[in-house]
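File shown: target13.cif. Contents: mmCIF, C-alpha atoms.
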data_final
loop_
_atom_site.label_atom_id
_atom_site.label_comp_id
_atom_site.auth_asym_id
_atom_site.auth_seq_id
_atom_site.Cartn_x
_atom_site.Cartn_y
_atom_site.Cartn_z
CA MET A 278 203.41 -133.77 -42.55
CA GLY A 279 204.84 -135.32 -39.37
CA ASP A 280 208.20 -134.17 -38.11
CA LYS A 281 209.91 -134.66 -41.44
CA VAL A 282 213.05 -132.65 -42.08
CA LYS A 283 213.76 -131.41 -45.60
CA LEU A 284 216.63 -129.26 -46.78
CA ILE A 285 216.22 -127.18 -49.93
CA ALA A 286 219.77 -126.49 -51.06
CA THR A 287 222.37 -126.37 -53.80
CA PRO A 288 225.52 -128.46 -53.32
CA GLU A 289 227.96 -125.67 -54.23
CA SER A 290 226.66 -123.18 -51.71
CA LEU A 291 228.57 -122.81 -48.44
CA PRO A 292 225.54 -121.61 -46.45
CA CYS A 293 223.81 -124.83 -47.54
CA CYS A 294 226.80 -126.94 -46.50
CA ARG A 295 226.77 -125.32 -43.05
CA VAL A 296 223.25 -126.63 -42.55
CA GLU A 297 224.05 -130.08 -43.95
CA TRP A 298 227.04 -130.38 -41.65
CA ALA A 299 224.98 -129.41 -38.61
CA LEU A 300 222.25 -131.94 -39.45
CA LYS A 301 224.86 -134.65 -39.92
CA LEU A 302 226.68 -133.79 -36.68
CA LYS A 303 223.34 -134.04 -34.85
CA GLY A 304 222.47 -137.29 -36.62
CA VAL A 305 219.21 -135.88 -37.98
CA ASP A 306 217.61 -137.75 -40.90
CA TYR A 307 216.63 -135.39 -43.67
CA GLU A 308 215.60 -135.31 -47.28
CA TYR A 309 217.90 -133.25 -49.54
CA ILE A 310 215.97 -131.33 -52.20
CA GLU A 311 218.38 -129.97 -54.78
CA GLU A 312 217.38 -126.57 -56.08
CA ASP A 313 218.17 -125.24 -59.56
CA LEU A 314 218.82 -121.56 -58.91
CA ARG A 315 218.38 -120.67 -62.60
CA ASN A 316 214.87 -122.04 -62.44
CA LYS A 317 213.62 -121.65 -58.88
CA SER A 318 211.02 -124.14 -57.74
CA PRO A 319 207.56 -123.24 -56.42
CA LEU A 320 208.62 -124.94 -53.17
CA LEU A 321 211.54 -122.53 -52.73
CA LEU A 322 209.53 -119.44 -53.68
CA ASP A 323 206.78 -120.51 -51.35
CA SER A 324 209.11 -121.32 -48.45
CA ASN A 325 211.30 -118.23 -48.72
CA PRO A 326 209.18 -115.57 -50.46
CA ILE A 327 211.28 -112.74 -49.07
CA HIS A 328 214.81 -113.65 -50.10
CA LYS A 329 214.03 -116.50 -52.54
CA LYS A 330 217.36 -118.06 -51.55
CA VAL A 331 218.73 -121.37 -50.34
CA PRO A 332 219.17 -122.91 -47.83
CA VAL A 333 215.67 -123.44 -46.47
CA LEU A 334 215.09 -125.99 -43.73
CA LEU A 335 211.58 -127.39 -43.62
CA HIS A 336 210.68 -129.04 -40.33
CA ALA A 337 207.17 -130.40 -39.86
CA GLY A 338 206.22 -128.24 -42.84
CA LYS A 339 207.50 -124.98 -41.35
CA PRO A 340 210.31 -123.16 -43.17
CA ILE A 341 213.36 -121.65 -41.49
CA VAL A 342 215.76 -119.52 -43.55
CA GLU A 343 219.17 -117.82 -43.20
CA SER A 344 221.90 -120.36 -42.53
CA LEU A 345 223.04 -119.01 -39.14
CA VAL A 346 219.44 -118.78 -37.95
CA ILE A 347 218.97 -122.38 -39.11
CA LEU A 348 222.07 -123.50 -37.17
CA GLU A 349 220.60 -122.01 -33.98
CA TYR A 350 217.30 -123.73 -34.74
CA ILE A 351 219.02 -127.09 -35.23
CA GLU A 352 220.95 -126.61 -31.99
CA GLU A 353 217.79 -125.84 -30.03
CA THR A 354 215.59 -128.51 -31.62
CA TRP A 355 218.00 -131.41 -31.28
CA LYS A 356 219.70 -130.11 -28.16
CA ASP A 357 220.65 -133.42 -26.61
CA LYS A 358 222.86 -134.50 -29.48
CA TYR A 359 226.29 -133.07 -30.30
CA PRO A 360 226.26 -129.51 -28.92
CA LEU A 361 227.23 -126.91 -31.51
CA LEU A 362 227.51 -124.09 -28.98
CA SER A 363 229.10 -123.96 -25.54
CA GLU A 364 226.85 -123.85 -22.46
CA ASP A 365 228.59 -120.65 -21.39
CA PRO A 366 226.66 -117.49 -22.44
CA HIS A 367 229.86 -115.50 -23.05
CA GLU A 368 231.34 -118.18 -25.30
CA ARG A 369 228.02 -118.42 -27.15
CA ALA A 370 228.04 -114.65 -27.64
CA MET A 371 231.59 -114.81 -28.99
CA ALA A 372 230.67 -117.56 -31.46
CA ARG A 373 227.72 -115.49 -32.72
CA PHE A 374 229.85 -112.36 -32.94
CA TRP A 375 232.61 -114.04 -34.95
CA ALA A 376 230.18 -115.83 -37.25
CA LYS A 377 228.59 -112.48 -38.12
CA PHE A 378 232.03 -110.92 -38.50
CA GLY A 379 233.07 -113.75 -40.83
CA ASP A 380 230.04 -113.20 -43.05
CA GLU A 381 230.00 -109.42 -43.04
CA LYS A 382 233.71 -108.72 -43.21
CA CYS A 383 235.59 -111.75 -44.48
CA VAL A 384 233.11 -113.16 -47.02
CA VAL A 385 232.03 -109.76 -48.32
CA GLY A 386 235.66 -108.60 -48.38
CA ALA A 387 236.88 -111.63 -50.32
CA PHE A 388 234.05 -111.36 -52.87
CA GLY A 389 234.76 -107.66 -53.26
CA ALA A 390 238.40 -108.43 -54.03
CA ALA A 391 237.51 -111.22 -56.47
CA TRP A 392 235.06 -108.99 -58.28
CA LEU A 393 237.67 -106.33 -59.03
CA THR A 394 239.80 -107.23 -62.00
CA GLU A 395 243.14 -105.55 -61.38
CA GLY A 396 245.16 -102.61 -60.16
CA GLU A 397 245.62 -100.70 -56.95
CA GLU A 398 241.97 -100.98 -55.96
CA LYS A 399 242.13 -104.77 -56.13
CA ASN A 400 245.31 -104.85 -54.06
CA LYS A 401 243.65 -102.69 -51.43
CA ALA A 402 240.61 -104.97 -51.34
CA ILE A 403 242.84 -108.03 -50.91
CA GLU A 404 244.72 -106.32 -48.08
CA SER A 405 241.46 -105.36 -46.42
CA ALA A 406 240.13 -108.94 -46.63
CA GLN A 407 243.41 -110.14 -45.13
CA GLU A 408 243.12 -107.66 -42.26
CA SER A 409 239.73 -109.16 -41.43
CA LEU A 410 241.07 -112.70 -41.64
CA ALA A 411 243.89 -111.70 -39.28
CA PHE A 412 241.27 -111.30 -36.52
CA LEU A 413 240.14 -114.88 -37.10
CA GLU A 414 243.77 -116.04 -37.07
CA LYS A 415 244.04 -114.63 -33.54
CA GLN A 416 240.83 -116.37 -32.47
CA ILE A 417 242.09 -119.85 -33.30
CA GLN A 418 245.29 -119.38 -31.33
CA GLY A 419 245.88 -122.22 -28.85
CA LYS A 420 242.86 -124.20 -30.02
CA LYS A 421 242.40 -127.09 -32.43
CA TYR A 422 239.02 -125.83 -33.59
CA PHE A 423 237.22 -122.52 -33.05
CA GLU A 424 234.82 -124.24 -30.67
CA GLY A 425 237.63 -126.10 -28.86
CA GLU A 426 238.40 -129.81 -29.07
CA GLN A 427 235.61 -130.53 -31.55
CA ILE A 428 234.04 -128.52 -34.33
CA GLY A 429 230.93 -126.46 -33.59
CA PHE A 430 228.89 -123.43 -34.60
CA LEU A 431 231.77 -121.11 -35.46
CA ASP A 432 233.73 -123.79 -37.33
CA LEU A 433 230.69 -124.43 -39.52
CA ALA A 434 230.14 -120.70 -39.98
CA VAL A 435 233.68 -120.03 -41.19
CA GLY A 436 233.98 -123.44 -42.85
CA TRP A 437 234.06 -121.67 -46.24
CA ILE A 438 237.67 -120.63 -45.70
CA PRO A 439 239.66 -123.78 -46.53
CA HIS A 440 237.66 -124.82 -49.61
CA TRP A 441 235.43 -122.02 -50.96
CA LEU A 442 238.00 -119.27 -50.43
CA LYS A 443 240.56 -121.26 -52.43
CA ALA A 444 238.06 -121.58 -55.29
CA LEU A 445 237.35 -117.87 -55.05
CA GLU A 446 241.08 -117.12 -55.18
CA GLU A 447 241.26 -119.08 -58.43
CA VAL A 448 238.29 -117.21 -59.93
CA GLY A 449 239.56 -113.83 -58.75
CA GLU A 450 243.19 -114.60 -59.74
CA MET A 451 244.45 -113.58 -56.32
CA LYS A 452 245.90 -114.96 -53.09
CA ILE A 453 244.24 -114.06 -49.80
CA LEU A 454 244.81 -116.98 -47.44
CA ASP A 455 248.58 -116.94 -47.53
CA ALA A 456 249.80 -119.90 -45.43
CA GLY A 457 252.83 -117.91 -44.28
CA ARG A 458 250.72 -115.04 -42.99
CA PHE A 459 247.91 -117.23 -41.62
CA PRO A 460 249.60 -120.44 -40.41
CA LEU A 461 246.97 -121.18 -37.73
CA LEU A 462 243.96 -120.69 -40.02
CA HIS A 463 245.73 -122.77 -42.63
CA GLU A 464 246.29 -125.62 -40.18
CA TRP A 465 242.75 -125.36 -38.82
CA GLY A 466 241.41 -125.53 -42.38
CA GLN A 467 243.40 -128.69 -43.11
CA ASN A 468 242.17 -130.33 -39.91
CA PHE A 469 238.62 -129.25 -40.66
CA LEU A 470 238.57 -130.69 -44.17
CA GLU A 471 239.99 -133.99 -42.95
CA ILE A 472 237.01 -134.68 -40.69
CA PRO A 473 235.19 -137.50 -42.56
CA LEU A 474 231.72 -135.98 -42.09
CA ILE A 475 232.91 -132.68 -43.59
CA LYS A 476 235.02 -134.25 -46.32
CA GLU A 477 232.15 -136.35 -47.62
CA SER A 478 229.83 -133.39 -48.01
CA ILE A 479 231.87 -130.72 -49.72
CA PRO A 480 231.32 -130.10 -53.42
CA PRO A 481 234.20 -130.77 -55.88
CA ARG A 482 236.52 -127.77 -56.20
CA GLU A 483 235.81 -127.33 -59.94
CA LYS A 484 232.07 -127.14 -59.31
CA VAL A 485 232.61 -124.35 -56.78
CA VAL A 486 234.90 -122.58 -59.27
CA ASP A 487 232.16 -122.76 -61.95
CA TYR A 488 229.57 -121.56 -59.46
CA PHE A 489 231.69 -118.55 -58.47
CA ASN A 490 232.60 -117.82 -62.09
CA VAL A 491 228.93 -117.46 -62.96
CA GLY A 492 228.29 -115.22 -59.93
CA ILE A 493 231.33 -112.98 -60.40
CA SER A 494 230.69 -112.58 -64.16
CA TYR A 495 227.11 -111.59 -63.40
CA MET A 496 228.23 -109.04 -60.78
CA ARG A 497 230.76 -107.58 -63.22
CA SER A 498 228.18 -107.32 -66.00
CA LEU A 499 225.77 -105.56 -63.64
CA ALA A 500 228.46 -103.07 -62.64
CA ALA A 501 229.40 -102.48 -66.30
CA ASN A 502 225.78 -101.67 -67.14
CA THR A 503 225.21 -99.28 -64.25
CA PRO A 504 224.97 -95.74 -65.59
CA MET B 9 235.67 -107.15 -10.83
CA GLY B 10 232.79 -109.27 -9.47
CA ASP B 11 229.68 -109.73 -11.56
CA LYS B 12 229.26 -106.02 -12.24
CA VAL B 13 227.32 -105.04 -15.33
CA LYS B 14 228.35 -101.94 -17.25
CA LEU B 15 226.91 -100.57 -20.44
CA ILE B 16 229.04 -98.34 -22.66
CA ALA B 17 226.52 -96.43 -24.76
CA THR B 18 225.27 -93.17 -26.21
CA PRO B 19 221.71 -92.12 -25.38
CA GLU B 20 220.73 -91.29 -28.99
CA SER B 21 221.69 -94.67 -30.44
CA LEU B 22 218.90 -97.19 -31.02
CA PRO B 23 221.19 -100.23 -30.70
CA CYS B 24 222.17 -98.90 -27.26
CA CYS B 25 218.52 -98.42 -26.28
CA ARG B 26 217.76 -102.02 -27.26
CA VAL B 27 220.28 -103.18 -24.67
CA GLU B 28 219.08 -100.74 -22.00
CA TRP B 29 215.50 -101.88 -22.50
CA ALA B 30 216.48 -105.55 -22.20
CA LEU B 31 218.45 -104.93 -18.98
CA LYS B 32 215.53 -103.00 -17.53
CA LEU B 33 212.98 -105.66 -18.52
CA LYS B 34 215.17 -108.26 -16.81
CA GLY B 35 215.63 -106.02 -13.76
CA VAL B 36 219.42 -106.13 -14.03
CA ASP B 37 221.36 -103.44 -12.15
CA TYR B 38 223.95 -101.81 -14.35
CA GLU B 39 226.20 -98.81 -14.58
CA TYR B 40 225.62 -96.60 -17.63
CA ILE B 41 228.86 -95.25 -19.07
CA GLU B 42 228.09 -92.52 -21.58
CA GLU B 43 230.45 -92.51 -24.52
CA ASP B 44 231.44 -89.44 -26.54
CA LEU B 45 231.71 -90.81 -30.07
CA ARG B 46 233.73 -87.79 -31.25
CA ASN B 47 236.36 -88.61 -28.68
CA LYS B 48 236.27 -92.34 -28.07
CA SER B 49 237.38 -93.51 -24.65
CA PRO B 50 240.21 -95.97 -24.02
CA LEU B 51 237.58 -98.21 -22.38
CA LEU B 52 235.55 -98.39 -25.59
CA LEU B 53 238.59 -98.91 -27.83
CA ASP B 54 239.84 -101.58 -25.50
CA SER B 55 236.48 -103.35 -25.20
CA ASN B 56 235.57 -103.26 -28.89
CA PRO B 57 238.86 -102.99 -30.77
CA ILE B 58 237.33 -104.40 -33.98
CA HIS B 59 234.33 -102.17 -34.60
CA LYS B 60 235.07 -99.40 -32.03
CA LYS B 61 231.32 -98.91 -31.67
CA VAL B 62 228.69 -98.74 -28.96
CA PRO B 63 226.92 -100.53 -27.36
CA VAL B 64 229.34 -102.67 -25.38
CA LEU B 65 228.09 -104.68 -22.44
CA LEU B 66 230.73 -105.46 -19.84
CA HIS B 67 229.84 -108.30 -17.52
CA ALA B 68 232.34 -109.41 -14.91
CA GLY B 69 234.89 -107.52 -16.98
CA LYS B 70 234.19 -109.37 -20.23
CA PRO B 71 232.94 -107.35 -23.19
CA ILE B 72 230.07 -108.39 -25.45
CA VAL B 73 229.35 -106.35 -28.59
CA GLU B 74 226.71 -106.09 -31.37
CA SER B 75 223.31 -105.25 -29.94
CA LEU B 76 221.47 -108.37 -31.12
CA VAL B 77 224.26 -110.60 -29.81
CA ILE B 78 224.04 -108.72 -26.51
CA LEU B 79 220.27 -109.30 -26.33
CA GLU B 80 220.82 -113.05 -26.71
CA TYR B 81 223.50 -112.88 -24.01
CA ILE B 82 221.18 -111.03 -21.63
CA GLU B 83 218.42 -113.56 -22.33
CA GLU B 84 220.72 -116.49 -21.59
CA THR B 85 222.46 -114.98 -18.57
CA TRP B 86 219.34 -113.82 -16.73
CA LYS B 87 217.09 -116.52 -18.10
CA ASP B 88 214.69 -116.79 -15.15
CA LYS B 89 213.48 -113.20 -15.42
CA TYR B 90 211.18 -111.82 -18.13
CA PRO B 91 211.76 -114.04 -21.18
CA LEU B 92 212.65 -112.06 -24.30
CA LEU B 93 212.28 -115.05 -26.62
CA SER B 94 209.65 -117.77 -26.84
CA GLU B 95 210.54 -121.30 -25.68
CA ASP B 96 209.56 -122.62 -29.11
CA PRO B 97 212.56 -123.04 -31.44
CA HIS B 98 210.57 -122.05 -34.53
CA GLU B 99 209.31 -118.84 -32.95
CA ARG B 100 212.83 -118.08 -31.76
CA ALA B 101 214.12 -118.60 -35.31
CA MET B 102 211.43 -116.27 -36.68
CA ALA B 103 212.34 -113.55 -34.16
CA ARG B 104 216.01 -113.82 -35.16
CA PHE B 105 215.15 -113.80 -38.84
CA TRP B 106 212.96 -110.69 -38.61
CA ALA B 107 215.42 -108.84 -36.40
CA LYS B 108 218.13 -109.40 -39.03
CA PHE B 109 215.69 -108.43 -41.78
CA GLY B 110 214.80 -105.24 -39.90
CA ASP B 111 218.45 -104.25 -39.60
CA GLU B 112 219.59 -105.27 -43.07
CA LYS B 113 216.59 -104.20 -45.11
CA CYS B 114 214.51 -101.67 -43.18
CA VAL B 115 217.22 -99.71 -41.34
CA VAL B 116 219.65 -99.73 -44.26
CA GLY B 117 216.80 -98.91 -46.67
CA ALA B 118 215.56 -95.96 -44.61
CA PHE B 119 219.07 -94.53 -44.19
CA GLY B 120 219.68 -94.93 -47.91
CA ALA B 121 216.53 -92.96 -48.64
CA ALA B 122 217.39 -90.24 -46.10
CA TRP B 123 220.87 -89.87 -47.52
CA LEU B 124 219.62 -89.11 -51.03
CA THR B 125 218.57 -85.52 -51.42
CA GLU B 126 215.90 -85.54 -54.12
CA GLY B 127 214.52 -86.83 -57.38
CA GLU B 128 213.52 -90.15 -58.83
CA GLU B 129 216.29 -92.06 -57.09
CA LYS B 130 215.10 -90.85 -53.68
CA ASN B 131 211.49 -91.81 -54.49
CA LYS B 132 212.64 -95.28 -55.49
CA ALA B 133 214.63 -95.66 -52.24
CA ILE B 134 211.59 -94.59 -50.20
CA GLU B 135 209.40 -97.09 -52.04
CA SER B 136 211.95 -99.83 -51.49
CA ALA B 137 212.14 -99.08 -47.73
CA GLN B 138 208.34 -99.19 -47.64
CA GLU B 139 208.26 -102.55 -49.39
CA SER B 140 210.51 -103.93 -46.64
CA LEU B 141 208.35 -102.40 -43.91
CA ALA B 142 205.29 -104.00 -45.52
CA PHE B 143 206.71 -107.42 -44.54
CA LEU B 144 206.85 -106.27 -40.91
CA GLU B 145 203.31 -104.91 -41.18
CA LYS B 146 202.19 -108.46 -42.06
CA GLN B 147 204.10 -109.93 -39.12
CA ILE B 148 202.28 -107.87 -36.52
CA GLN B 149 198.85 -108.85 -37.85
CA GLY B 150 196.58 -110.21 -35.10
CA LYS B 151 199.10 -109.52 -32.33
CA LYS B 152 199.54 -106.69 -29.86
CA TYR B 153 203.32 -106.95 -29.94
CA PHE B 154 205.68 -108.84 -32.23
CA GLU B 155 206.41 -111.29 -29.43
CA GLY B 156 202.70 -111.63 -28.50
CA GLU B 157 201.03 -110.24 -25.41
CA GLN B 158 204.18 -108.60 -24.07
CA ILE B 159 207.18 -107.04 -25.75
CA GLY B 160 210.25 -109.18 -26.37
CA PHE B 161 213.33 -109.66 -28.56
CA LEU B 162 211.79 -108.62 -31.88
CA ASP B 163 209.96 -105.62 -30.41
CA LEU B 164 213.26 -104.34 -29.01
CA ALA B 165 215.03 -105.06 -32.30
CA VAL B 166 212.55 -103.07 -34.40
CA GLY B 167 211.89 -100.56 -31.62
CA TRP B 168 213.59 -97.89 -33.75
CA ILE B 169 210.50 -97.60 -35.96
CA PRO B 170 208.14 -95.42 -33.92
CA HIS B 171 210.71 -92.91 -32.68
CA TRP B 172 213.96 -93.07 -34.63
CA LEU B 173 212.36 -93.53 -38.02
CA LYS B 174 210.26 -90.39 -37.43
CA ALA B 175 213.41 -88.43 -36.62
CA LEU B 176 215.05 -89.84 -39.75
CA GLU B 177 212.04 -88.80 -41.82
CA GLU B 178 212.49 -85.26 -40.56
CA VAL B 179 216.20 -85.25 -41.39
CA GLY B 180 215.65 -86.84 -44.81
CA GLU B 181 212.60 -84.66 -45.57
CA MET B 182 210.53 -87.69 -46.48
CA LYS B 183 207.65 -89.86 -45.27
CA ILE B 184 208.17 -93.62 -45.01
CA LEU B 185 205.93 -94.85 -42.19
CA ASP B 186 202.64 -93.65 -43.63
CA ALA B 187 199.93 -94.43 -41.06
CA GLY B 188 197.42 -95.10 -43.84
CA ARG B 189 199.66 -97.68 -45.49
CA PHE B 190 200.98 -99.19 -42.25
CA PRO B 191 198.10 -98.97 -39.76
CA LEU B 192 199.22 -102.01 -37.73
CA LEU B 193 202.85 -100.93 -37.41
CA HIS B 194 201.64 -97.47 -36.51
CA GLU B 195 199.40 -98.79 -33.74
CA TRP B 196 202.08 -101.16 -32.49
CA GLY B 197 204.53 -98.24 -32.35
CA GLN B 198 202.14 -96.14 -30.28
CA ASN B 199 201.54 -99.02 -27.86
CA PHE B 200 205.28 -99.68 -27.66
CA LEU B 201 206.19 -96.08 -26.82
CA GLU B 202 203.50 -95.92 -24.14
CA ILE B 203 205.10 -98.68 -22.09
CA PRO B 204 206.55 -96.77 -19.09
CA LEU B 205 209.87 -98.62 -19.15
CA ILE B 206 210.35 -97.76 -22.84
CA LYS B 207 209.06 -94.22 -22.56
CA GLU B 208 211.45 -93.33 -19.75
CA SER B 209 214.51 -94.42 -21.69
CA ILE B 210 214.12 -92.95 -25.13
CA PRO B 211 216.15 -89.89 -26.03
CA PRO B 212 214.33 -86.63 -26.84
CA ARG B 213 213.30 -86.41 -30.49
CA GLU B 214 215.41 -83.30 -31.18
CA LYS B 215 218.54 -85.05 -29.89
CA VAL B 216 217.95 -87.94 -32.29
CA VAL B 217 217.39 -85.44 -35.11
CA ASP B 218 220.72 -83.74 -34.32
CA TYR B 219 222.44 -87.13 -34.12
CA PHE B 220 221.10 -88.20 -37.52
CA ASN B 221 221.84 -84.80 -39.06
CA VAL B 222 225.50 -85.18 -38.18
CA GLY B 223 225.60 -88.74 -39.55
CA ILE B 224 223.77 -87.99 -42.79
CA SER B 225 225.84 -84.84 -43.47
CA TYR B 226 229.00 -86.84 -42.94
CA MET B 227 227.81 -89.60 -45.32
CA ARG B 228 226.89 -86.99 -47.94
CA SER B 229 230.27 -85.27 -47.65
CA LEU B 230 232.06 -88.61 -48.03
CA ALA B 231 230.05 -89.40 -51.17
CA ALA B 232 230.73 -85.94 -52.59
CA ASN B 233 234.47 -86.44 -52.13
CA THR B 234 234.63 -89.89 -53.70
CA PRO B 235 236.40 -89.61 -57.02
#

With the file now loaded, output its structure as structure tokens.
Amino acid sequence: MGDKVKLIATPESLPCCRVEWALKLKGVDYEYIEEDLRNKSPLLLDSNPIHKKVPVLLHAGKPIVESLVILEYIEETWKDKYPLLSEDPHERAMARFWAKFGDEKCVVGAFGAAWLTEGEEKNKAIESAQESLAFLEKQIQGKKYFEGEQIGFLDLAVGWIPHWLKALEEVGEMKILDAGRFPLLHEWGQNFLEIPLIKESIPPREKVVDYFNVGISYMRSLAANTP
Amino acid sequence: MGDKVKLIATPESLPCCRVEWALKLKGVDYEYIEEDLRNKSPLLLDSNPIHKKVPVLLHAGKPIVESLVILEYIEETWKDKYPLLSEDPHERAMARFWAKFGDEKCVVGAFGAAWLTEGEEKNKAIESAQESLAFLEKQIQGKKYFEGEQIGFLDLAVGWIPHWLKALEEVGEMKILDAGRFPLLHEWGQNFLEIPLIKESIPPREKVVDYFNVGISYMRSLAANTP
């Protein structure tokens, strides 16, 4: 088994990209195992029997799941290369707090808005997602990246904003990340996507749109069939 | 300001107890500031403007929020005393994974079941909460505590089970933690509550029952008023 690193992932998934980016930043060699989510492999089901989801990092045969947990694992295992988190415990706590906030408020909020088809309820959901993003807009103030002069843990965690959120806006026929209202997040997103290592490992926009279209249609059909 | 440690908390809240337990295990001196959640203090609103919730740890004047983020902060700040997490990155990742699982699946599942009043839907919710707990039952197999020979991060994270879950069962008129189905969790819970440091800082059962009664009634009234 050795110390081999394998990543079970799908290219369109942001949580998977987070892990890829971290491995690349650390210069870790890994094997990419592409997963077909419509026909889950025995390897995935065996490695993540609880959630049956990607990404899964396999290191020396042991699985680690949940993308933010994997980022911490990568940081601690290859600690001498490219730090993802500050040395300062308070800054580390802030990065963890905002990463959780991004997932629980911003991602969930944006998906909620995309899922709704029209009307007052949709407008409210968009406004609510924007209120959450406004907190992140404040966080980036005075900094090039969330982690400072170079990208790190929090940048990878909220790295869905400049690319995935735009695809979601297209699918949900809505605008959330208004450049006028969020100039700093907008600029951060442009800088982030221009980093060669990031640029070379993001999926094409149309693939992400297809991926979201399938997910949103499925969520809508579930809701329509709920008694 | 100095390096003073203050904890803004309410005695009945499990997330607050997690933090208290960690501070006590580490032997950190702190000031306990009891918060009245019906009349939130300017200090709380100022320290946690986003979620406006307890616990908040103030260290040298800087706030840290979210109980699991605070536990990591405590571990990193007072790292030479009583380790809460293993040194091994894979074991650390597992502790983080199961803590998140406990909060997202077990706590949410148990509250969902308590909130429902009766019938098939309630039975299904109870069964679902039990299916989640069954994963934790497997985790404790062959160990005295989740973290091994002494309690640590994951024990504090799921420390709500032996005391709070029982109070929730009373409020929800249901049984989730069946000792016959979960003998290992049951035994772990008894061992956990017998640790003097834990025992001396858990709120009386009837106070937790009152606390949950207020919360569950409020959730039910909200649901009843949703158009």

The PyMOL selection byres ((chain B) within 12 of (chain A)) - which residues does that actually catch in the file I just gave you? List them as a ChimeraX atom specification. /B:56-59,65-87,94-109,112-113,139-144

Spatial sel., origin (219.8, -83.1, -53.6), limit 12 Å, only C-alpha atoms, listed as a PyMOL selection string: chain B and resi 121-130+180-181+225+228+232

Enclose range 480-497 of chain A, meaning all of its atoms listed in the file, in a box aligned along x, y and z, pad it by 6 Å on each side, and list the centre and edge lengths in Å to one decimal, as JSON.
{"center_x": 231.8, "center_y": -119.2, "center_z": -58.8, "size_x": 21.4, "size_y": 35.2, "size_z": 22.7}

Cut-off 10 Å around (223.3, -92.3, -24.0) with only C-alpha atoms: residues as a PyMOL selection string: chain B and resi 15-22+24-25+28+40-44+62-63+209-211

What do you get, as a PDB file with C-alpha atoms, in the frame of the given file, if you spell out every residue that the PyMOL selection byres ((chain B and resi 118) around 9) selects here?
ATOM      1  CA  LYS B 113     216.590-104.200 -45.110  1.00  0.00           C
ATOM      2  CA  CYS B 114     214.510-101.670 -43.180  1.00  0.00           C
ATOM      3  CA  VAL B 115     217.220 -99.710 -41.340  1.00  0.00           C
ATOM      4  CA  VAL B 116     219.650 -99.730 -44.260  1.00  0.00           C
ATOM      5  CA  GLY B 117     216.800 -98.910 -46.670  1.00  0.00           C
ATOM      6  CA  PHE B 119     219.070 -94.530 -44.190  1.00  0.00           C
ATOM      7  CA  GLY B 120     219.680 -94.930 -47.910  1.00  0.00           C
ATOM      8  CA  ALA B 121     216.530 -92.960 -48.640  1.00  0.00           C
ATOM      9  CA  ALA B 122     217.390 -90.240 -46.100  1.00  0.00           C
ATOM     10  CA  TRP B 123     220.870 -89.870 -47.520  1.00  0.00           C
ATOM     11  CA  ALA B 133     214.630 -95.660 -52.240  1.00  0.00           C
ATOM     12  CA  ILE B 134     211.590 -94.590 -50.200  1.00  0.00           C
ATOM     13  CA  SER B 136     211.950 -99.830 -51.490  1.00  0.00           C
ATOM     14  CA  ALA B 137     212.140 -99.080 -47.730  1.00  0.00           C
ATOM     15  CA  GLN B 138     208.340 -99.190 -47.640  1.00  0.00           C
ATOM     16  CA  LEU B 173     212.360 -93.530 -38.020  1.00  0.00           C
ATOM     17  CA  LEU B 176     215.050 -89.840 -39.750  1.00  0.00           C
ATOM     18  CA  GLU B 177     212.040 -88.800 -41.820  1.00  0.00           C
ATOM     19  CA  ILE B 184     208.170 -93.620 -45.010  1.00  0.00           C
TER      20      ILE B 184
END

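Going from CA of Gln149 in chain B over to CA of Tyr90 in chain B, you cover 23.4 Å.
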
Report the distance between CA of Ser49 in chain B and CA of Val179 in chain B in Å, rounded to one decimal place. 28.2 Å

Test item: residues at most 12 Å from Lys174 in chain B, only C-alpha atoms, excluding those fewer than 6 positions along its chain, as a list in words: Ala118, Phe119, Ala122, Gly167, Trp168, Gly180, Glu181, Met182, Lys183, Ile184, Leu185, Asp186, Ala187, His194, Gly197, Pro212, Arg213, Glu214, Val216, Val217 and Phe220 of chain B

Counting only C-alpha atoms, the residue of B:Asp54, B:Glu155, B:Glu178, B:Glu145 that sits nearest Tyr219 in chain B: B:Glu178

For the atom pair CA of Trp298 in chain A and CA of Leu92 in chain B, what is the interatomic distance in Å to one decimal place? 29.0 Å

Have a look at B:Leu53, B:Asn131, B:Trp172, B:Leu192 and name the one nearest to Gln147 in chain B; count all atoms listed in the file. B:Leu192

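Nearest residue to Glu477 in chain A among A:Pro360, A:Asp280, A:Trp465, A:Lys301 is A:Lys301, counting only C-alpha atoms.
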
Between B:Arg26, B:Lys146, B:His171, B:Lys60, which is the closest to Glu202 in chain B once you count all atoms listed in the file? B:His171

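Once the PyMOL selection byres ((chain B and resi 161) around 6) is applied to this file, the selection holds Leu92, Leu93, Gly160, Leu162, Asp163 and Leu164 of chain B.
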